[in-house]
Amino acid sequence: MRLAVIIGSTRRGRFGPTVAHWLTQQAAKQFEIDLVDLVTAHLPDTLPDTDDATPQEVRQLGARLAAADAFAVVTPEINRSFPAPLKTALDWYYEEWHAKPVAIVSYGREDGGCYATAQLRQVFTELHAVTIRNTVALPCYWEQFTADGGWPKPSAGYEATAKLMLDQLVWWAEVLRDARNRHPYQP
């Protein structure tokens with residue numbers, strides 16, 4: 001099964017790649033990984049009119065998303081929401097999300113990004129995707145560095161939370177893939 005791990009932040013000095021690389025190490029036990037970094041995807045900021053041609057960058061990422069059986073979104077919480085580049089990336093696509101499961105890994109201050117997660121659930125519902133019940137929330141993530149600069153500290157306990165989320169993601173990915181193969185999804 002193929003998992004697209006999406007780094008939702010494009011901010012300079014962002015923490016998202018650290019979290020995404022940690023998550024891919026956890027998920028590689030169960031999935032083939034496609035790491036999607038919105039910085040290098042180069043999606044246009046402006047969405048087209050219905051008659052406009054689709055930009056090449058959008059077509060390229062669209063093919064990668066369409067090939068995925070599941071998604072994991074790594075997002076910070078900014079002003080009680082998720083970043084604008086992530087929303088733009090979600091809005092460029094529609095069918096690519098249909099009937100596929102989405103896991104959310106959020107990070108932020110004391111709440112660990114729960115507001116960003118709640119809003120992403122609403123958006124993915126509109127896109128006909130299924131968000132996984134269990135998430136990984138990383139509150140005050142900057143406190144979890146080891147003395148030698150590694151992340152996260154083994155005592156953080158994130159691996160157990162990630163395993164539970166990924167096990168649920170595998171289940172949903174298999175069920176939904178089989179259902180899409182038997183009967184194509186119609187919104």
# chains A, B, ... in the order shown; residues from 1 in each chain; ligands from 1
call {"tool": "select_by_dssp", "arguments": {"residues": "stretch 5-59 of chain A", "states": "strand (DSSP E or B)", "output": "count of residues only"}}
result
9
call {"tool": "residues_around", "arguments": {"residues": "A:His21", "least_positions_apart": "2", "cutoff": "12 Å", "atoms": "only C-alpha atoms", "output": "ChimeraX atom specification"}}
result
/A:5-7,15-19,23-28,33-37,72,74,150-152
call {"tool": "closest_residue", "arguments": {"among": "A:Val175, A:Leu138, A:Ala41, A:Ala147", "to": "A:Glu77", "atoms": "only C-alpha atoms"}}
result
A:Leu138
call {"tool": "residues_around", "arguments": {"residues": "stretch 94-108 of chain A", "least_positions_apart": "6", "cutoff": "8 Å", "atoms": "only C-alpha atoms", "output": "VMD selection string"}}
result
chain A and resid 62 65 to 66 69 to 78 114 116 to 117 124 127 to 132 134 to 141 165 to 166 169 172 to 173 176 to 177 180 185 187
call {"tool": "atom_distance", "arguments": {"atom1": "atom CA of A:Val170", "atom2": "atom CA of A:Leu61"}}
result
22.4 Å
call {"tool": "atom_distance", "arguments": {"atom1": "atom CA of A:Trp171", "atom2": "atom CA of A:Gly157"}}
result
22.5 Å
call {"tool": "select_by_dssp", "arguments": {"residues": "chain A", "states": "alpha helix (DSSP H)", "output": "JSON, numbers by chain"}}
result
{"A": [16, 17, 18, 19, 20, 21, 22, 23, 24, 25, 26, 27, 38, 39, 40, 41, 56, 57, 58, 59, 60, 61, 62, 63, 64, 65, 66, 67, 84, 85, 86, 87, 88, 89, 90, 91, 92, 114, 115, 116, 117, 118, 119, 120, 121, 122, 123, 124, 125, 126, 158, 159, 160, 161, 162, 163, 164, 165, 166, 167, 168, 169, 170, 171, 172, 173, 174, 175, 176, 177, 178, 179, 180, 181, 182]}
call {"tool": "atom_distance", "arguments": {"atom1": "atom CA of A:Lys87", "atom2": "atom CA of A:Thr54"}}
result
17.7 Å
call {"tool": "closest_residue", "arguments": {"among": "A:Arg64, A:Ser9, A:Tyr93, A:Gln56", "to": "A:Val39", "atoms": "only C-alpha atoms"}}
result
A:Ser9
call {"tool": "closest_residue", "arguments": {"among": "A:Thr161, A:Arg2, A:Lys153, A:Phe145", "to": "A:Lys29", "atoms": "only C-alpha atoms"}}
result
A:Arg2
